[in-house]
Amino acid sequence: MEIIEITKLRKLYGKQVAVDDVSFAVEEGEIFGVVGRNGAGKTTTVECVSGLRTPDGGTITVTGLDPRRDRAELRQRVGVQLQDCSLPDKLKVWEALDLYASFYERPADWKALLDEVGLGPKRDTAFAKLSGGQRQRLSIALALVGAPRVAILDELTTGLDPQARRETWDLIELVKARGVTIILVTHFMEEAERLCDRIAVIDGGRVAAVDTPEGLIAQVDGAQRLSFRGPPEADRILRSITEVAGVTRDGDHLTLTGSDDMLLAVTTALAANQIVPTGLRMERATLDDAFLALTGHAATS
């Protein structure tokens with residue numbers, strides 16, 4: 001069931017087109033990723049979805065509501081965590097949740113939510129004293145305190161260290177398990193590949209593709225990649241193997257592409273010719289590779 005529908009969305013800032021003819025739909029209960037470089041139009045798109053910005057064209061429905069016409073009612077159904085969101089330094093964690101809960105007609109139990117996001121021990125801690133990861137946990141809790149059907153999380157893990165980022169990923173998966181539909185805005189392809197059920201790739205204000213992470217990767221390169229170091233005499237042997245589609249050499253380093261059965265076929269052929277590969281590594285194309293192929297540039301450039 002589609003809980004969000006966007007059709008031909010267009011948004012301008014003066015004469016500059018930020019979003020142009022963007023269309024996609026989000027299924028209820030999924031984590032839907034909106035990925036792209038900084039300035040691609042990701043945040044503008046979700047701000048239109050949440051009712052924070054007024055589109056210049058197109059239509060949007062969220063839980064059956066029009067963000068322009070039904071803005072007040074929509075705020076009771078959608079929780080938003082925006083990029084660079086901050087709170088007063090002296091505001092305590094419990095005070096922030098209690099304040100935000102007062103904005104909603106039927107809020108969640110913020111005391112239980114506090115424990116659920118792992119901030120129980122920080123209940124009386126001022127915002128300025130929280131670590132980056134703890135601030136993001138609080139942001140998620142504030143997005144959920146209204147018991148929303150949809151949560152919009154914008155660049156949630158920017159600036160976090162690897163451990164805090166992965167802890168935040170676990171929390172996002174917990175939010176999904178609560179039955180909340182999530183729009184996750186990010187330029188981290190590893191994050192999108194790990195968390196998202198489907199992804200819209202936004203580039204230059206337009207949708208370049210919409211698919212599952214696996215589907216996007218398969219569109220670009222479904223082949224396995226095998227790399228290792230080996231002598232020049234290995235080339236002839238490798239090119240004769242049916243499962244190998246391509247062989248490239250850079251010095252003593254070889255990179256092979258081929259089918260899922262390539263690894264066994266290659267190692268068997270090399271062993272039969274008494275050639276021992278070193279540094280053997282099996283790889284598959286990533287979402288980074290897919291983004292580069294779809295847009296012509298890396299997501300973080």
# chains A, B, ... in the order shown; residues from 1 in each chain; ligands from 1

call {"tool": "residues_around", "arguments": {"residues": "stretch 75-79 of chain A", "least_positions_apart": "2", "cutoff": "10 Å", "atoms": "only C-alpha atoms", "output": "mmCIF file with N, CA and C atoms, in the first residue's frame"}}
result
data_model
loop_
_atom_site.group_PDB
_atom_site.id
_atom_site.type_symbol
_atom_site.label_atom_id
_atom_site.label_comp_id
_atom_site.auth_asym_id
_atom_site.auth_seq_id
_atom_site.Cartn_x
_atom_site.Cartn_y
_atom_site.Cartn_z
ATOM 1 N N VAL A 49 7.539 17.227 1.141
ATOM 2 C CA VAL A 49 6.729 16.102 1.620
ATOM 3 C C VAL A 49 6.189 16.387 3.023
ATOM 4 N N SER A 50 7.025 16.974 3.873
ATOM 5 C CA SER A 50 6.630 17.220 5.261
ATOM 6 C C SER A 50 5.796 18.485 5.438
ATOM 7 N N GLY A 51 5.669 19.283 4.378
ATOM 8 C CA GLY A 51 4.886 20.511 4.470
ATOM 9 C C GLY A 51 5.683 21.715 4.917
ATOM 10 N N LEU A 52 7.013 21.564 5.040
ATOM 11 C CA LEU A 52 7.852 22.683 5.464
ATOM 12 C C LEU A 52 8.127 23.657 4.319
ATOM 13 N N VAL A 62 0.442 12.398 1.438
ATOM 14 C CA VAL A 62 1.105 11.683 2.531
ATOM 15 C C VAL A 62 0.014 11.185 3.474
ATOM 16 N N THR A 63 -0.111 9.898 3.627
ATOM 17 C CA THR A 63 -1.203 9.270 4.389
ATOM 18 C C THR A 63 -2.551 9.809 3.922
ATOM 19 N N LEU A 65 -3.153 12.796 2.785
ATOM 20 C CA LEU A 65 -3.272 14.235 3.003
ATOM 21 C C LEU A 65 -2.404 15.012 2.023
ATOM 22 N N PRO A 67 0.105 18.013 1.810
ATOM 23 C CA PRO A 67 0.907 18.808 2.747
ATOM 24 C C PRO A 67 0.614 20.297 2.722
ATOM 25 N N ASP A 70 -3.433 20.386 4.126
ATOM 26 C CA ASP A 70 -3.701 19.712 5.398
ATOM 27 C C ASP A 70 -2.477 19.750 6.325
ATOM 28 N N ARG A 71 -1.762 20.853 6.302
ATOM 29 C CA ARG A 71 -0.477 20.922 7.009
ATOM 30 C C ARG A 71 -0.613 20.617 8.501
ATOM 31 N N ALA A 72 -1.592 21.182 9.161
ATOM 32 C CA ALA A 72 -1.739 20.977 10.603
ATOM 33 C C ALA A 72 -2.012 19.508 10.931
ATOM 34 N N GLU A 73 -2.906 18.898 10.175
ATOM 35 C CA GLU A 73 -3.213 17.491 10.421
ATOM 36 C C GLU A 73 -2.030 16.600 10.080
ATOM 37 N N GLN A 81 13.145 14.683 11.442
ATOM 38 C CA GLN A 81 14.461 15.016 11.982
ATOM 39 C C GLN A 81 15.242 15.631 10.845
ATOM 40 N N LEU A 82 15.465 16.942 10.909
ATOM 41 C CA LEU A 82 16.110 17.648 9.818
ATOM 42 C C LEU A 82 17.618 17.756 10.048
ATOM 43 N N PHE A 103 3.183 18.986 21.811
ATOM 44 C CA PHE A 103 2.740 19.495 20.516
ATOM 45 C C PHE A 103 1.718 18.578 19.845
ATOM 46 N N TYR A 104 1.521 17.368 20.371
ATOM 47 C CA TYR A 104 0.708 16.356 19.691
ATOM 48 C C TYR A 104 -0.539 16.004 20.493
ATOM 49 N N GLU A 105 -1.576 15.637 19.753
ATOM 50 C CA GLU A 105 -2.843 15.282 20.389
ATOM 51 C C GLU A 105 -2.742 13.954 21.111
ATOM 52 N N ARG A 106 -2.061 12.973 20.489
ATOM 53 C CA ARG A 106 -1.936 11.640 21.089
ATOM 54 C C ARG A 106 -0.468 11.204 21.024
ATOM 55 N N PRO A 107 0.375 11.793 21.851
ATOM 56 C CA PRO A 107 1.810 11.485 21.789
ATOM 57 C C PRO A 107 2.126 10.096 22.324
ATOM 58 N N ILE A 140 16.041 11.220 16.879
ATOM 59 C CA ILE A 140 15.118 10.148 16.487
ATOM 60 C C ILE A 140 13.956 10.071 17.464
ATOM 61 N N ALA A 141 14.259 10.171 18.756
ATOM 62 C CA ALA A 141 13.190 10.126 19.759
ATOM 63 C C ALA A 141 12.207 11.277 19.560
ATOM 64 N N LEU A 142 12.710 12.465 19.257
ATOM 65 C CA LEU A 142 11.841 13.619 19.032
ATOM 66 C C LEU A 142 10.987 13.444 17.778
ATOM 67 N N ALA A 143 11.547 12.752 16.769
ATOM 68 C CA ALA A 143 10.773 12.479 15.553
ATOM 69 C C ALA A 143 9.683 11.447 15.811
ATOM 70 N N LEU A 144 9.846 10.630 16.853
ATOM 71 C CA LEU A 144 8.888 9.565 17.140
ATOM 72 C C LEU A 144 7.908 9.907 18.262
ATOM 73 N N VAL A 145 8.150 10.995 18.984
ATOM 74 C CA VAL A 145 7.360 11.264 20.173
ATOM 75 C C VAL A 145 5.889 11.547 19.848
ATOM 76 N N GLY A 146 5.614 11.945 18.623
ATOM 77 C CA GLY A 146 4.223 12.173 18.223
ATOM 78 C C GLY A 146 3.510 10.923 17.753
ATOM 79 N N ALA A 147 4.153 9.743 17.902
ATOM 80 C CA ALA A 147 3.607 8.465 17.426
ATOM 81 C C ALA A 147 3.222 8.558 15.948
ATOM 82 N N PRO A 148 4.167 8.954 15.074
ATOM 83 C CA PRO A 148 3.840 9.187 13.663
ATOM 84 C C PRO A 148 3.713 7.895 12.879
ATOM 85 N N ARG A 149 3.043 7.990 11.738
ATOM 86 C CA ARG A 149 3.021 6.884 10.785
ATOM 87 C C ARG A 149 4.227 6.947 9.864
ATOM 88 N N VAL A 150 4.776 8.160 9.676
ATOM 89 C CA VAL A 150 5.918 8.372 8.794
ATOM 90 C C VAL A 150 6.984 9.161 9.552
ATOM 91 N N ALA A 151 8.244 8.742 9.425
ATOM 92 C CA ALA A 151 9.361 9.496 9.989
ATOM 93 C C ALA A 151 10.317 9.863 8.866
ATOM 94 N N ILE A 152 10.684 11.143 8.797
ATOM 95 C CA ILE A 152 11.641 11.636 7.805
ATOM 96 C C ILE A 152 12.953 11.930 8.522
ATOM 97 N N LEU A 153 14.010 11.226 8.130
ATOM 98 C CA LEU A 153 15.317 11.354 8.774
ATOM 99 C C LEU A 153 16.307 11.863 7.731
ATOM 100 N N VAL A 180 6.754 1.976 11.640
ATOM 101 C CA VAL A 180 6.841 3.330 11.107
ATOM 102 C C VAL A 180 7.486 3.295 9.722
ATOM 103 N N THR A 181 6.874 3.967 8.764
ATOM 104 C CA THR A 181 7.468 4.138 7.444
ATOM 105 C C THR A 181 8.545 5.220 7.533
ATOM 106 N N ILE A 182 9.713 4.949 6.961
ATOM 107 C CA ILE A 182 10.839 5.869 7.092
ATOM 108 C C ILE A 182 11.303 6.356 5.719
#

call {"tool": "residues_around", "arguments": {"residues": "stretch 230-234 of chain A", "least_positions_apart": "4", "cutoff": "8 Å", "atoms": "only C-alpha atoms", "output": "list in words"}}
result
Leu238, Asp252, His253, Leu254, Leu270, Ile275, Val276, Pro277 and Thr278 of chain A

call {"tool": "write_last_selection", "arguments": {"atoms": "N, CA and C atoms", "output": "compact mmCIF listing (two decimals), in the first residue's frame"}}
result
# COMPACT_ATOMS: atom_id res chain seq x y z
N LEU A 238 43.62 -18.01 -17.94
CA LEU A 238 42.40 -17.36 -17.45
C LEU A 238 41.45 -17.01 -18.59
N ASP A 252 51.60 -6.87 -11.76
CA ASP A 252 51.34 -8.28 -11.41
C ASP A 252 49.93 -8.47 -10.86
N HIS A 253 49.11 -7.39 -10.88
CA HIS A 253 47.76 -7.47 -10.32
C HIS A 253 46.74 -7.75 -11.41
N LEU A 254 45.95 -8.79 -11.22
CA LEU A 254 44.93 -9.20 -12.18
C LEU A 254 43.53 -8.94 -11.63
N LEU A 270 44.12 -22.72 -12.19
CA LEU A 270 45.44 -22.29 -11.76
C LEU A 270 46.19 -23.40 -11.03
N ILE A 275 50.03 -22.79 -10.56
CA ILE A 275 50.14 -21.34 -10.33
C ILE A 275 49.38 -21.01 -9.05
N VAL A 276 50.08 -20.34 -8.13
CA VAL A 276 49.48 -20.00 -6.84
C VAL A 276 49.13 -18.51 -6.82
N PRO A 277 47.84 -18.15 -6.81
CA PRO A 277 47.46 -16.73 -6.74
C PRO A 277 47.70 -16.19 -5.33
N THR A 278 48.11 -14.94 -5.20
CA THR A 278 48.29 -14.33 -3.88
C THR A 278 47.37 -13.11 -3.75

call {"tool": "select_by_dssp", "arguments": {"residues": "stretch 19-134 of chain A", "states": "helix (DSSP H, G or I)", "output": "PyMOL selection string"}}
result
chain A and resi 42-50+71-74+93-101+110-116+120-122+127-129+132-134

call {"tool": "atom_distance", "arguments": {"atom1": "atom CA of A:Glu28", "atom2": "atom CA of A:Met1"}}
result
5.8 Å

call {"tool": "select_by_dssp", "arguments": {"residues": "stretch 85-262 of chain A", "states": "strand (DSSP E)", "output": "ChimeraX atom specification"}}
result
/A:150-154,181-186,198-203,206-211,224-229,244-250,253-258

call {"tool": "write_last_selection", "arguments": {"atoms": "C-alpha atoms", "output": "mmCIF file, in the first residue's frame"}}
result
data_model
loop_
_atom_site.group_PDB
_atom_site.id
_atom_site.type_symbol
_atom_site.label_atom_id
_atom_site.label_comp_id
_atom_site.auth_asym_id
_atom_site.auth_seq_id
_atom_site.Cartn_x
_atom_site.Cartn_y
_atom_site.Cartn_z
ATOM 1 C CA VAL A 150 5.918 8.372 8.794
ATOM 2 C CA ALA A 151 9.361 9.496 9.989
ATOM 3 C CA ILE A 152 11.641 11.636 7.805
ATOM 4 C CA LEU A 153 15.317 11.354 8.774
ATOM 5 C CA ASP A 154 17.614 13.764 6.923
ATOM 6 C CA THR A 181 7.468 4.138 7.444
ATOM 7 C CA ILE A 182 10.839 5.869 7.092
ATOM 8 C CA ILE A 183 12.204 8.236 4.457
ATOM 9 C CA LEU A 184 15.967 8.219 4.927
ATOM 10 C CA VAL A 185 17.895 11.021 3.210
ATOM 11 C CA THR A 186 21.605 10.310 2.861
ATOM 12 C CA ARG A 198 14.135 0.804 -2.002
ATOM 13 C CA ILE A 199 16.043 3.892 -3.106
ATOM 14 C CA ALA A 200 15.434 6.950 -5.267
ATOM 15 C CA VAL A 201 18.654 8.295 -6.765
ATOM 16 C CA ILE A 202 18.372 12.086 -7.072
ATOM 17 C CA ASP A 203 20.806 13.963 -9.292
ATOM 18 C CA ARG A 206 15.774 14.846 -11.001
ATOM 19 C CA VAL A 207 15.191 11.156 -10.303
ATOM 20 C CA ALA A 208 17.882 9.100 -12.026
ATOM 21 C CA ALA A 209 16.474 5.724 -10.879
ATOM 22 C CA VAL A 210 14.208 4.046 -8.317
ATOM 23 C CA ASP A 211 14.831 0.436 -7.299
ATOM 24 C CA GLN A 224 31.475 -11.017 -9.930
ATOM 25 C CA ARG A 225 34.951 -9.482 -9.672
ATOM 26 C CA LEU A 226 37.996 -11.501 -8.661
ATOM 27 C CA SER A 227 41.374 -9.890 -8.011
ATOM 28 C CA PHE A 228 44.780 -11.354 -7.150
ATOM 29 C CA ARG A 229 48.451 -11.195 -8.019
ATOM 30 C CA VAL A 244 35.603 -15.649 -16.982
ATOM 31 C CA ALA A 245 34.174 -12.760 -19.023
ATOM 32 C CA GLY A 246 37.130 -10.379 -18.831
ATOM 33 C CA VAL A 247 40.750 -10.188 -17.700
ATOM 34 C CA THR A 248 42.724 -6.999 -17.022
ATOM 35 C CA ARG A 249 46.283 -6.726 -15.739
ATOM 36 C CA ASP A 250 48.093 -3.880 -13.969
ATOM 37 C CA HIS A 253 47.760 -7.471 -10.318
ATOM 38 C CA LEU A 254 44.927 -9.205 -12.182
ATOM 39 C CA THR A 255 41.221 -8.311 -12.122
ATOM 40 C CA LEU A 256 38.693 -10.771 -13.534
ATOM 41 C CA THR A 257 34.961 -10.400 -14.155
ATOM 42 C CA GLY A 258 32.621 -13.311 -14.659
#

call {"tool": "residues_around", "arguments": {"residues": "stretch 285-288 of chain A", "least_positions_apart": "3", "cutoff": "12 Å", "atoms": "only C-alpha atoms", "output": "JSON, numbers by chain"}}
result
{"A": [35, 36, 37, 187, 188, 189, 190, 191, 192, 193, 194, 196, 198, 199, 201, 211, 212, 213, 214, 215, 216, 217, 218, 219, 220, 221, 222, 223, 224, 225, 226, 257, 258, 282, 291, 292, 293, 294, 295, 296, 297, 298, 299, 300, 301]}

call {"tool": "write_last_selection", "arguments": {"atoms": "C-alpha atoms", "output": "tab-separated table (two decimals), in the first residue's frame"}}
result
chain	number	residue	atom	x	y	z
A	35	VAL	CA	20.24	9.45	-2.05
A	36	GLY	CA	22.39	11.95	-3.88
A	37	ARG	CA	25.22	14.41	-3.51
A	187	HIS	CA	24.66	10.66	0.66
A	188	PHE	CA	26.33	7.64	2.30
A	189	MET	CA	25.89	4.73	-0.09
A	190	GLU	CA	26.93	2.14	2.51
A	191	GLU	CA	24.17	3.43	4.79
A	192	ALA	CA	21.54	3.27	2.04
A	193	GLU	CA	22.64	-0.21	0.94
A	194	ARG	CA	22.50	-1.49	4.52
A	196	CYS	CA	16.89	0.77	2.62
A	198	ARG	CA	14.13	0.80	-2.00
A	199	ILE	CA	16.04	3.89	-3.11
A	201	VAL	CA	18.65	8.30	-6.76
A	211	ASP	CA	14.83	0.44	-7.30
A	212	THR	CA	16.00	-1.84	-4.52
A	213	PRO	CA	19.71	-1.59	-3.67
A	214	GLU	CA	20.22	-4.97	-5.33
A	215	GLY	CA	18.25	-3.86	-8.38
A	216	LEU	CA	20.30	-0.69	-8.80
A	217	ILE	CA	23.54	-2.65	-8.53
A	218	ALA	CA	22.31	-5.28	-10.99
A	219	GLN	CA	21.45	-2.58	-13.55
A	220	VAL	CA	25.08	-1.53	-13.53
A	221	ASP	CA	27.08	-4.70	-13.13
A	222	GLY	CA	25.78	-8.08	-12.11
A	223	ALA	CA	29.16	-9.73	-12.62
A	224	GLN	CA	31.48	-11.02	-9.93
A	225	ARG	CA	34.95	-9.48	-9.67
A	226	LEU	CA	38.00	-11.50	-8.66
A	257	THR	CA	34.96	-10.40	-14.16
A	258	GLY	CA	32.62	-13.31	-14.66
A	282	MET	CA	36.24	-11.80	-4.45
A	291	PHE	CA	25.53	5.64	-8.26
A	292	LEU	CA	28.65	6.52	-10.22
A	293	ALA	CA	27.32	4.75	-13.32
A	294	LEU	CA	23.87	6.37	-13.04
A	295	THR	CA	25.01	9.95	-12.36
A	296	GLY	CA	28.57	10.17	-13.68
A	297	HIS	CA	30.06	11.18	-10.32
A	298	ALA	CA	30.61	9.82	-6.82
A	299	ALA	CA	28.01	10.50	-4.12
A	300	THR	CA	30.46	12.22	-1.78
A	301	SER	CA	32.32	14.37	-4.34

call {"tool": "residues_around", "arguments": {"residues": "A:Pro55", "least_positions_apart": "2", "cutoff": "12 Å", "atoms": "only C-alpha atoms", "output": "PDB file with N, CA and C atoms, in the first residue's frame"}}
result
ATOM      1  N   ILE A   6       4.379  11.025  -4.817  1.00  0.00           N
ATOM      2  CA  ILE A   6       4.903  12.290  -5.337  1.00  0.00           C
ATOM      3  C   ILE A   6       4.865  12.222  -6.855  1.00  0.00           C
ATOM      4  N   THR A   7       4.231  13.211  -7.478  1.00  0.00           N
ATOM      5  CA  THR A   7       4.085  13.220  -8.928  1.00  0.00           C
ATOM      6  C   THR A   7       4.515  14.569  -9.498  1.00  0.00           C
ATOM      7  N   LYS A   8       5.557  14.525 -10.331  1.00  0.00           N
ATOM      8  CA  LYS A   8       6.035  15.705 -11.065  1.00  0.00           C
ATOM      9  C   LYS A   8       6.304  16.901 -10.139  1.00  0.00           C
ATOM     10  N   LEU A   9       6.943  16.645  -8.998  1.00  0.00           N
ATOM     11  CA  LEU A   9       7.268  17.693  -8.040  1.00  0.00           C
ATOM     12  C   LEU A   9       8.290  18.666  -8.634  1.00  0.00           C
ATOM     13  N   ARG A  10       8.032  19.955  -8.435  1.00  0.00           N
ATOM     14  CA  ARG A  10       8.922  20.998  -8.945  1.00  0.00           C
ATOM     15  C   ARG A  10       9.052  22.090  -7.885  1.00  0.00           C
ATOM     16  N   LYS A  11      10.291  22.524  -7.630  1.00  0.00           N
ATOM     17  CA  LYS A  11      10.526  23.584  -6.658  1.00  0.00           C
ATOM     18  C   LYS A  11      11.651  24.488  -7.153  1.00  0.00           C
ATOM     19  N   LEU A  12      11.409  25.803  -7.128  1.00  0.00           N
ATOM     20  CA  LEU A  12      12.394  26.783  -7.561  1.00  0.00           C
ATOM     21  C   LEU A  12      12.733  27.711  -6.405  1.00  0.00           C
ATOM     22  N   TYR A  13      13.983  28.171  -6.398  1.00  0.00           N
ATOM     23  CA  TYR A  13      14.411  29.249  -5.513  1.00  0.00           C
ATOM     24  C   TYR A  13      14.844  30.401  -6.410  1.00  0.00           C
ATOM     25  N   VAL A  17      16.301  26.115 -10.363  1.00  0.00           N
ATOM     26  CA  VAL A  17      15.446  24.937 -10.200  1.00  0.00           C
ATOM     27  C   VAL A  17      16.137  23.965  -9.255  1.00  0.00           C
ATOM     28  N   ALA A  18      15.541  23.743  -8.083  1.00  0.00           N
ATOM     29  CA  ALA A  18      16.115  22.827  -7.091  1.00  0.00           C
ATOM     30  C   ALA A  18      15.614  21.405  -7.295  1.00  0.00           C
ATOM     31  N   VAL A  19      14.336  21.264  -7.645  1.00  0.00           N
ATOM     32  CA  VAL A  19      13.713  19.958  -7.881  1.00  0.00           C
ATOM     33  C   VAL A  19      12.880  20.067  -9.141  1.00  0.00           C
ATOM     34  N   ASP A  20      13.047  19.120 -10.058  1.00  0.00           N
ATOM     35  CA  ASP A  20      12.397  19.230 -11.365  1.00  0.00           C
ATOM     36  C   ASP A  20      11.788  17.891 -11.776  1.00  0.00           C
ATOM     37  N   ASP A  21      10.453  17.799 -11.763  1.00  0.00           N
ATOM     38  CA  ASP A  21       9.740  16.629 -12.286  1.00  0.00           C
ATOM     39  C   ASP A  21      10.064  15.353 -11.498  1.00  0.00           C
ATOM     40  N   VAL A  22      10.155  15.472 -10.168  1.00  0.00           N
ATOM     41  CA  VAL A  22      10.452  14.318  -9.317  1.00  0.00           C
ATOM     42  C   VAL A  22       9.167  13.535  -9.040  1.00  0.00           C
ATOM     43  N   THR A  44      15.246  19.397  -0.175  1.00  0.00           N
ATOM     44  CA  THR A  44      14.107  20.163  -0.685  1.00  0.00           C
ATOM     45  C   THR A  44      12.918  19.245  -0.942  1.00  0.00           C
ATOM     46  N   THR A  45      13.178  18.075  -1.500  1.00  0.00           N
ATOM     47  CA  THR A  45      12.107  17.119  -1.779  1.00  0.00           C
ATOM     48  C   THR A  45      11.381  16.708  -0.510  1.00  0.00           C
ATOM     49  N   VAL A  46      12.123  16.306   0.532  1.00  0.00           N
ATOM     50  CA  VAL A  46      11.460  15.827   1.749  1.00  0.00           C
ATOM     51  C   VAL A  46      10.858  16.974   2.548  1.00  0.00           C
ATOM     52  N   GLU A  47      11.386  18.187   2.410  1.00  0.00           N
ATOM     53  CA  GLU A  47      10.751  19.320   3.065  1.00  0.00           C
ATOM     54  C   GLU A  47       9.396  19.630   2.432  1.00  0.00           C
ATOM     55  N   CYS A  48       9.268  19.406   1.137  1.00  0.00           N
ATOM     56  CA  CYS A  48       7.958  19.532   0.483  1.00  0.00           C
ATOM     57  C   CYS A  48       7.012  18.429   0.962  1.00  0.00           C
ATOM     58  N   VAL A  49       7.539  17.227   1.141  1.00  0.00           N
ATOM     59  CA  VAL A  49       6.729  16.102   1.620  1.00  0.00           C
ATOM     60  C   VAL A  49       6.189  16.387   3.023  1.00  0.00           C
ATOM     61  N   SER A  50       7.025  16.974   3.873  1.00  0.00           N
ATOM     62  CA  SER A  50       6.630  17.220   5.261  1.00  0.00           C
ATOM     63  C   SER A  50       5.796  18.485   5.438  1.00  0.00           C
ATOM     64  N   GLY A  51       5.669  19.283   4.378  1.00  0.00           N
ATOM     65  CA  GLY A  51       4.886  20.511   4.470  1.00  0.00           C
ATOM     66  C   GLY A  51       5.683  21.715   4.917  1.00  0.00           C
ATOM     67  N   LEU A  52       7.013  21.564   5.040  1.00  0.00           N
ATOM     68  CA  LEU A  52       7.852  22.683   5.464  1.00  0.00           C
ATOM     69  C   LEU A  52       8.127  23.657   4.319  1.00  0.00           C
ATOM     70  N   ARG A  53       8.005  23.176   3.077  1.00  0.00           N
ATOM     71  CA  ARG A  53       8.158  24.046   1.904  1.00  0.00           C
ATOM     72  C   ARG A  53       6.980  23.827   0.972  1.00  0.00           C
ATOM     73  N   GLY A  57       5.097  23.172  -8.250  1.00  0.00           N
ATOM     74  CA  GLY A  57       4.378  22.359  -9.216  1.00  0.00           C
ATOM     75  C   GLY A  57       4.329  20.915  -8.761  1.00  0.00           C
ATOM     76  N   GLY A  58       3.391  20.163  -9.330  1.00  0.00           N
ATOM     77  CA  GLY A  58       3.255  18.754  -8.995  1.00  0.00           C
ATOM     78  C   GLY A  58       2.304  18.521  -7.835  1.00  0.00           C
ATOM     79  N   THR A  59       2.139  17.251  -7.477  1.00  0.00           N
ATOM     80  CA  THR A  59       1.238  16.877  -6.391  1.00  0.00           C
ATOM     81  C   THR A  59       1.949  15.943  -5.415  1.00  0.00           C
ATOM     82  N   ILE A  60       1.545  16.034  -4.142  1.00  0.00           N
ATOM     83  CA  ILE A  60       2.066  15.169  -3.082  1.00  0.00           C
ATOM     84  C   ILE A  60       0.907  14.746  -2.202  1.00  0.00           C
ATOM     85  N   ASP A  66      -2.824  16.244   1.736  1.00  0.00           N
ATOM     86  CA  ASP A  66      -2.052  17.179   0.921  1.00  0.00           C
ATOM     87  C   ASP A  66      -1.245  18.058   1.870  1.00  0.00           C
ATOM     88  N   PRO A  67       0.105  18.013   1.810  1.00  0.00           N
ATOM     89  CA  PRO A  67       0.907  18.808   2.747  1.00  0.00           C
ATOM     90  C   PRO A  67       0.614  20.297   2.722  1.00  0.00           C
ATOM     91  N   ARG A  68       0.146  20.830   1.590  1.00  0.00           N
ATOM     92  CA  ARG A  68      -0.166  22.254   1.527  1.00  0.00           C
ATOM     93  C   ARG A  68      -1.516  22.546   2.176  1.00  0.00           C
ATOM     94  N   ARG A  69      -2.507  21.741   1.871  1.00  0.00           N
ATOM     95  CA  ARG A  69      -3.867  21.997   2.351  1.00  0.00           C
ATOM     96  C   ARG A  69      -4.089  21.505   3.777  1.00  0.00           C
TER      97      ARG A  69
END

call {"tool": "closest_residue", "arguments": {"among": "A:Gly179, A:Gly205, A:Gly251, A:Gly64", "to": "A:Ile4", "atoms": "only C-alpha atoms"}}
result
A:Gly64

call {"tool": "residues_around", "arguments": {"residues": "A:Glu116", "least_positions_apart": "4", "cutoff": "12 Å", "atoms": "only C-alpha atoms", "output": "ChimeraX atom specification"}}
result
/A:108-112,120-121,137-138,140-141,144-145,170-172,174-175,178

call {"tool": "write_last_selection", "arguments": {"atoms": "C-alpha atoms", "output": "PDB file, in the first residue's frame"}}
result
ATOM      1  CA  ALA A 108       3.801   8.385  22.528  1.00  0.00           C
ATOM      2  CA  ASP A 109       4.953   7.630  26.070  1.00  0.00           C
ATOM      3  CA  TRP A 110       8.157   9.662  25.990  1.00  0.00           C
ATOM      4  CA  LYS A 111       9.511   8.024  29.143  1.00  0.00           C
ATOM      5  CA  ALA A 112       9.357   4.609  27.501  1.00  0.00           C
ATOM      6  CA  GLY A 120      17.574   6.559  29.931  1.00  0.00           C
ATOM      7  CA  PRO A 121      20.894   7.197  31.736  1.00  0.00           C
ATOM      8  CA  ARG A 137      19.383   9.332  19.300  1.00  0.00           C
ATOM      9  CA  LEU A 138      17.535  12.257  20.819  1.00  0.00           C
ATOM     10  CA  ILE A 140      15.118  10.148  16.487  1.00  0.00           C
ATOM     11  CA  ALA A 141      13.190  10.126  19.759  1.00  0.00           C
ATOM     12  CA  LEU A 144       8.888   9.565  17.140  1.00  0.00           C
ATOM     13  CA  VAL A 145       7.360  11.264  20.173  1.00  0.00           C
ATOM     14  CA  ASP A 170      20.504  -0.340  14.551  1.00  0.00           C
ATOM     15  CA  LEU A 171      18.134   2.240  16.005  1.00  0.00           C
ATOM     16  CA  ILE A 172      16.658   3.048  12.584  1.00  0.00           C
ATOM     17  CA  LEU A 174      14.237  -0.682  15.470  1.00  0.00           C
ATOM     18  CA  VAL A 175      12.033   2.229  14.355  1.00  0.00           C
ATOM     19  CA  ARG A 178       7.650  -0.425  15.264  1.00  0.00           C
TER      20      ARG A 178
END

call {"tool": "residues_around", "arguments": {"residues": "A:Ile241", "least_positions_apart": "6", "cutoff": "8 Å", "atoms": "only C-alpha atoms", "output": "tab-separated table (two decimals) with C-alpha atoms, in the first residue's frame"}}
result
chain	number	residue	atom	x	y	z
A	265	ALA	CA	36.78	-22.47	-12.08
A	266	VAL	CA	39.75	-20.08	-11.75
A	269	ALA	CA	42.58	-24.08	-13.51

call {"tool": "atom_distance", "arguments": {"atom1": "atom CA of A:Lys15", "atom2": "atom CA of A:Ala40"}}
result
16.1 Å
